Amino acid sequence: MLTKKRIMVTGGAGFVGSNLCRYLLEKGSIVDCVDNLITGRRESISALEENESFQFFETDISDPDFVSMFKENNYDEVLHLACPTGVPNIAPMAEEMLVTCSTGTDNVLKLAHNNNAKLVYTSSAEVYGDPEVFPQTECYNGNVDPVGPRSAYEEGKRFSESLVSMYAKKYQVPARIVRLFNTFGTGMSPDDTRVIPQFLKQIRLGQKITIYGDGNQNRAHMHVNDLIQALMLVMEKGTPGEVYNIGGSTQMTIRELAELIDSLTPMPVDIEYRPHFIEDHGGRLPDTTKVRKLGWAPCISTTEGLLEMMPNYGVMTHEPDLLLFEESPKIQGVS
Ligand code: UDP
């Protein structure tokens with residue numbers, strides 16, 4: 001009989017984390033989910049708590065007792081996702097972000113080292129700051145202001161990467177880094193401040209959707225199920241110490257995203273343009289050649305992902321034969 005893998009997921013009650021825990025349980029693993037619920041939600045894992053292979057620990061990874069608390073658990077793998085998220089949270093949670101990314105990541109790496117566990121650290125496209133090079137390859141060093149308004153998250157993630165890299169080199173911890181680009185899908189909190197859940201919430205409430213700036217800034221959104229496939233692949237086949245971008249390939253301006261959503265729903269979509277409350281990033285597009293060489297490609301288009309998500313967020317979709325809009329052919333995919 002095959003022994004079940006024992007896996008720790010830090011940040012397991014977040015949007016990506018809870019989807020990941022569900023997937024790992026479906027694959028037959030034993031999952032220990034650690035989250036301090038600063039931005040994660042207990043509701044997102046409540047269905048999983050009935051599974052006897054799942055355990056939730058409301059714990060902060062930067063707790064001085066973190067390593068000793070879990071030292072007997074013999075983890076095979078650690079998926080380290082924990083970090084407060086959301087652009088509006090950068091200012092109020094700056095300290096928590098920095099401590100999580102420094103002391104917290106150090107603790108998680110110590111635990112992986114003690115357990116001889118493989119580790120994947122989820123860094124972020126934010127390490128590139130406001131990029132001046134498109135698409136962003138893993139060797140692009142980025143454009144980050146160390147004391148700028150987004151620095152707690154950007155520099156926090158960069159410092160975490162440095163720690164992971166040091167543990168991989170000095171202690172041979174089989175740790176890999178992934179840089180996640182904008183991700184969406186079912187399981188995002190209705191109060192999530194990221195652009196897609198924000199727009200859906202505003203449409204559901206009959207409010208105007210708020211576009212920050214002129215709407216010409218762009219992103220390439222990736223569905224969470226595609227992301228999970230990539231995380232699994234990097235854990236299985238990635239090289240320790242290496243960095244892999246994981247992100248969508250369909251670049252869209254935020255205005256085009258609003259138009260796409262408008263085309264998918266009979267509900268009114270009116271736009272209000274507002275100045276951003278923080279410095280924005282003008283664009284973001286991953287070069288995913290490295291992870292594709294491991295055998296990954298995103299399968300779910302932004303349109304498909306939105307159509308799946310919208311009814312769960314109280315936004316009606318047109319009948320299939322009335323869906324006129326296809327993702328614009330002028331939008332270029334980048335591998
Ligand atoms: N955005 C917007 N309206 C919103 C939320 C976000 O116009 O209600 C824009 C934001 O300015 C950014 C993009 O959408 O350019 C993506 O924002 P999000 O917060 O999802 O993530 P980011 O890529 O900034 O980390």
# chains A, B, ... in the order shown; residues from 1 in each chain; ligands from 1
call {"tool": "residues_around", "arguments": {"residues": "Gly28 of chain A", "least_positions_apart": "3", "cutoff": "10 Å", "atoms": "only C-alpha atoms", "output": "list of chain:residue names"}}
result
A:Thr3, A:Lys4, A:Lys5, A:Arg6, A:Tyr23, A:Leu24, A:Leu25, A:Val31, A:Ser53
call {"tool": "select_by_dssp", "arguments": {"residues": "segment 21-187 of chain A", "states": "strand (DSSP E)", "output": "ChimeraX atom specification"}}
result
/A:30-35,54-58,77-80,118-124,175-180,183-184
call {"tool": "closest_atom_pairs", "arguments": {"of": "chain A", "to": "ligand 1", "cutoff": "7 Å", "atoms": "only C-alpha atoms and all ligand atoms", "output": "JSON lines"}}
result
{"residue": "A:Gly86", "atom": "CA", "partner": "ligand 1", "partner_atom_place_in_ligand_line": "19 (O)", "distance": 6.3}
{"residue": "A:Val87", "atom": "CA", "partner": "ligand 1", "partner_atom_place_in_ligand_line": "19 (O)", "distance": 5.4}
{"residue": "A:Asn182", "atom": "CA", "partner": "ligand 1", "partner_atom_place_in_ligand_line": "23 (O)", "distance": 5.9}
{"residue": "A:Thr193", "atom": "CA", "partner": "ligand 1", "partner_atom_place_in_ligand_line": "19 (O)", "distance": 6.1}
{"residue": "A:Arg194", "atom": "CA", "partner": "ligand 1", "partner_atom_place_in_ligand_line": "20 (O)", "distance": 3.4}
{"residue": "A:Val195", "atom": "CA", "partner": "ligand 1", "partner_atom_place_in_ligand_line": "5 (C)", "distance": 3.7}
{"residue": "A:Ile196", "atom": "CA", "partner": "ligand 1", "partner_atom_place_in_ligand_line": "20 (O)", "distance": 6.6}
{"residue": "A:Gln198", "atom": "CA", "partner": "ligand 1", "partner_atom_place_in_ligand_line": "8 (O)", "distance": 5.1}
{"residue": "A:Phe199", "atom": "CA", "partner": "ligand 1", "partner_atom_place_in_ligand_line": "8 (O)", "distance": 6.1}
{"residue": "A:Ile209", "atom": "CA", "partner": "ligand 1", "partner_atom_place_in_ligand_line": "8 (O)", "distance": 6.8}
{"residue": "A:Thr210", "atom": "CA", "partner": "ligand 1", "partner_atom_place_in_ligand_line": "3 (N)", "distance": 5.0}
{"residue": "A:Ile211", "atom": "CA", "partner": "ligand 1", "partner_atom_place_in_ligand_line": "7 (O)", "distance": 3.4}
{"residue": "A:Tyr212", "atom": "CA", "partner": "ligand 1", "partner_atom_place_in_ligand_line": "7 (O)", "distance": 3.9}
{"residue": "A:Gly213", "atom": "CA", "partner": "ligand 1", "partner_atom_place_in_ligand_line": "11 (O)", "distance": 6.9}
{"residue": "A:Gly215", "atom": "CA", "partner": "ligand 1", "partner_atom_place_in_ligand_line": "7 (O)", "distance": 6.3}
{"residue": "A:Gln217", "atom": "CA", "partner": "ligand 1", "partner_atom_place_in_ligand_line": "15 (O)", "distance": 5.5}
{"residue": "A:Asn218", "atom": "CA", "partner": "ligand 1", "partner_atom_place_in_ligand_line": "15 (O)", "distance": 6.6}
{"residue": "A:Arg219", "atom": "CA", "partner": "ligand 1", "partner_atom_place_in_ligand_line": "23 (O)", "distance": 6.6}
{"residue": "A:Ile254", "atom": "CA", "partner": "ligand 1", "partner_atom_place_in_ligand_line": "14 (O)", "distance": 5.8}
{"residue": "A:His276", "atom": "CA", "partner": "ligand 1", "partner_atom_place_in_ligand_line": "11 (O)", "distance": 6.1}
{"residue": "A:Asp280", "atom": "CA", "partner": "ligand 1", "partner_atom_place_in_ligand_line": "11 (O)", "distance": 5.7}
{"residue": "A:His281", "atom": "CA", "partner": "ligand 1", "partner_atom_place_in_ligand_line": "15 (O)", "distance": 6.0}
{"residue": "A:Gly282", "atom": "CA", "partner": "ligand 1", "partner_atom_place_in_ligand_line": "15 (O)", "distance": 6.7}
call {"tool": "write_last_selection", "arguments": {"atoms": "C-alpha atoms", "output": "mmCIF file, in the first residue's frame"}}
result
data_model
loop_
_atom_site.group_PDB
_atom_site.id
_atom_site.type_symbol
_atom_site.label_atom_id
_atom_site.label_comp_id
_atom_site.auth_asym_id
_atom_site.auth_seq_id
_atom_site.Cartn_x
_atom_site.Cartn_y
_atom_site.Cartn_z
ATOM 1 C CA GLY A 86 -4.620 42.572 -1.055
ATOM 2 C CA VAL A 87 -3.334 45.928 -2.273
ATOM 3 C CA ASN A 182 -2.806 37.719 -10.954
ATOM 4 C CA THR A 193 -10.385 43.636 -3.024
ATOM 5 C CA ARG A 194 -8.762 42.215 -6.152
ATOM 6 C CA VAL A 195 -10.165 43.568 -9.365
ATOM 7 C CA ILE A 196 -12.406 40.692 -10.494
ATOM 8 C CA GLN A 198 -14.509 43.843 -6.698
ATOM 9 C CA PHE A 199 -16.166 44.324 -10.088
ATOM 10 C CA ILE A 209 -17.610 49.519 -11.100
ATOM 11 C CA THR A 210 -14.546 51.532 -10.141
ATOM 12 C CA ILE A 211 -11.641 51.582 -12.530
ATOM 13 C CA TYR A 212 -8.527 53.135 -11.055
ATOM 14 C CA GLY A 213 -6.731 55.555 -13.346
ATOM 15 C CA GLY A 215 -8.036 51.691 -17.223
ATOM 16 C CA GLN A 217 -3.058 49.377 -17.120
ATOM 17 C CA ASN A 218 -2.954 45.691 -18.009
ATOM 18 C CA ARG A 219 -2.834 42.301 -16.347
ATOM 19 C CA ILE A 254 -8.508 46.733 -16.990
ATOM 20 C CA HIS A 276 -5.898 54.935 -7.474
ATOM 21 C CA ASP A 280 -0.366 51.327 -9.420
ATOM 22 C CA HIS A 281 1.630 49.039 -11.652
ATOM 23 C CA GLY A 282 1.157 49.970 -15.303
#
call {"tool": "select_by_dssp", "arguments": {"residues": "segment 10-134 of chain A", "states": "helix (DSSP H, G or I)", "output": "JSON, numbers by chain"}}
result
{"A": [15, 16, 17, 18, 19, 20, 21, 22, 23, 24, 25, 26, 42, 43, 44, 45, 48, 49, 50, 66, 67, 68, 69, 87, 88, 89, 94, 95, 96, 97, 98, 99, 100, 101, 102, 103, 104, 105, 106, 107, 108, 109, 110, 111, 112, 113, 114, 115, 125, 126, 127, 128]}
call {"tool": "write_last_selection", "arguments": {"atoms": "C-alpha atoms", "output": "mmCIF file, in the first residue's frame"}}
result
data_model
loop_
_atom_site.group_PDB
_atom_site.id
_atom_site.type_symbol
_atom_site.label_atom_id
_atom_site.label_comp_id
_atom_site.auth_asym_id
_atom_site.auth_seq_id
_atom_site.Cartn_x
_atom_site.Cartn_y
_atom_site.Cartn_z
ATOM 1 C CA PHE A 15 -8.140 31.908 -1.665
ATOM 2 C CA VAL A 16 -5.333 29.930 -3.325
ATOM 3 C CA GLY A 17 -4.539 27.967 -0.158
ATOM 4 C CA SER A 18 -8.059 26.641 0.359
ATOM 5 C CA ASN A 19 -8.341 25.552 -3.283
ATOM 6 C CA LEU A 20 -4.959 23.870 -2.925
ATOM 7 C CA CYS A 21 -5.894 22.049 0.311
ATOM 8 C CA ARG A 22 -9.044 20.726 -1.378
ATOM 9 C CA TYR A 23 -7.045 19.493 -4.359
ATOM 10 C CA LEU A 24 -4.415 17.776 -2.184
ATOM 11 C CA LEU A 25 -7.101 16.003 -0.145
ATOM 12 C CA GLU A 26 -8.758 14.814 -3.372
ATOM 13 C CA ARG A 42 -12.301 29.880 8.238
ATOM 14 C CA GLU A 43 -15.401 29.560 5.967
ATOM 15 C CA SER A 44 -13.179 28.803 2.996
ATOM 16 C CA ILE A 45 -12.006 25.571 4.641
ATOM 17 C CA LEU A 48 -12.637 20.431 4.381
ATOM 18 C CA GLU A 49 -12.695 20.206 8.164
ATOM 19 C CA GLU A 50 -14.996 17.181 7.937
ATOM 20 C CA PHE A 66 6.221 27.454 15.292
ATOM 21 C CA VAL A 67 9.091 25.060 14.469
ATOM 22 C CA SER A 68 8.825 23.082 17.715
ATOM 23 C CA MET A 69 5.005 22.926 17.444
ATOM 24 C CA VAL A 87 -3.334 45.928 -2.273
ATOM 25 C CA PRO A 88 -5.480 47.952 0.218
ATOM 26 C CA ASN A 89 -3.916 45.861 3.017
ATOM 27 C CA ALA A 94 2.807 46.415 6.335
ATOM 28 C CA GLU A 95 4.413 45.178 9.546
ATOM 29 C CA GLU A 96 2.627 41.814 9.422
ATOM 30 C CA MET A 97 3.703 41.389 5.783
ATOM 31 C CA LEU A 98 7.335 42.098 6.574
ATOM 32 C CA VAL A 99 7.427 39.869 9.655
ATOM 33 C CA THR A 100 5.650 37.020 7.837
ATOM 34 C CA CYS A 101 8.064 37.259 4.919
ATOM 35 C CA SER A 102 11.150 37.348 7.158
ATOM 36 C CA THR A 103 10.725 35.559 10.511
ATOM 37 C CA GLY A 104 7.766 33.528 9.207
ATOM 38 C CA THR A 105 9.516 32.271 6.087
ATOM 39 C CA ASP A 106 12.654 31.539 8.114
ATOM 40 C CA ASN A 107 10.581 29.376 10.486
ATOM 41 C CA VAL A 108 8.899 27.518 7.621
ATOM 42 C CA LEU A 109 12.286 26.857 6.010
ATOM 43 C CA LYS A 110 13.691 25.569 9.320
ATOM 44 C CA LEU A 111 10.736 23.201 9.582
ATOM 45 C CA ALA A 112 11.246 21.947 6.015
ATOM 46 C CA HIS A 113 14.979 21.520 6.715
ATOM 47 C CA ASN A 114 14.341 19.529 9.926
ATOM 48 C CA ASN A 115 11.847 17.306 8.093
ATOM 49 C CA ALA A 125 4.944 39.076 -9.557
ATOM 50 C CA GLU A 126 5.191 42.041 -7.168
ATOM 51 C CA VAL A 127 8.922 41.291 -6.887
ATOM 52 C CA TYR A 128 9.176 42.922 -10.340
#
call {"tool": "atom_distance", "arguments": {"atom1": "atom CA of Glu304 of chain A", "atom2": "atom CA of His223 of chain A"}}
result
9.1 Å
call {"tool": "closest_residue", "arguments": {"among": "A:Ile7, A:Leu306, A:Ala47, A:Val34", "to": "Lys118 of chain A", "atoms": "only C-alpha atoms"}}
result
A:Ile7
call {"tool": "residues_around", "arguments": {"residues": "segment 264-271 of chain A", "least_positions_apart": "5", "cutoff": "9 Å", "atoms": "only C-alpha atoms", "output": "list in words"}}
result
Gln202, Ile203, Arg204, Gly206, Gln207, Lys208, Ile209, Thr210, Ile211, Ala258, Glu259, Thr303, Leu306, Leu307, Met310, Val315, Met316, Thr317, His318, Leu322, Leu323, Leu324 and Phe325 of chain A
call {"tool": "closest_residue", "arguments": {"among": "A:Pro240, A:Pro149, A:Pro92, A:Pro64", "to": "Tyr121 of chain A", "atoms": "only C-alpha atoms"}}
result
A:Pro240
call {"tool": "residues_around", "arguments": {"residues": "Thr288 of chain A", "least_positions_apart": "4", "cutoff": "10 Å", "atoms": "only C-alpha atoms", "output": "ChimeraX atom specification"}}
result
/A:135-138,244-249,292-293,296-297,334-335
call {"tool": "atom_distance", "arguments": {"atom1": "atom CA of Val291 of chain A", "atom2": "atom CA of Tyr171 of chain A"}}
result
24.6 Å
call {"tool": "atom_distance", "arguments": {"atom1": "atom CA of Asp192 of chain A", "atom2": "atom CA of Tyr313 of chain A"}}
result
11.5 Å
call {"tool": "residues_around", "arguments": {"residues": "Ser162 of chain A", "least_positions_apart": "5", "cutoff": "10 Å", "atoms": "only C-alpha atoms", "output": "count of residues only"}}
result
7
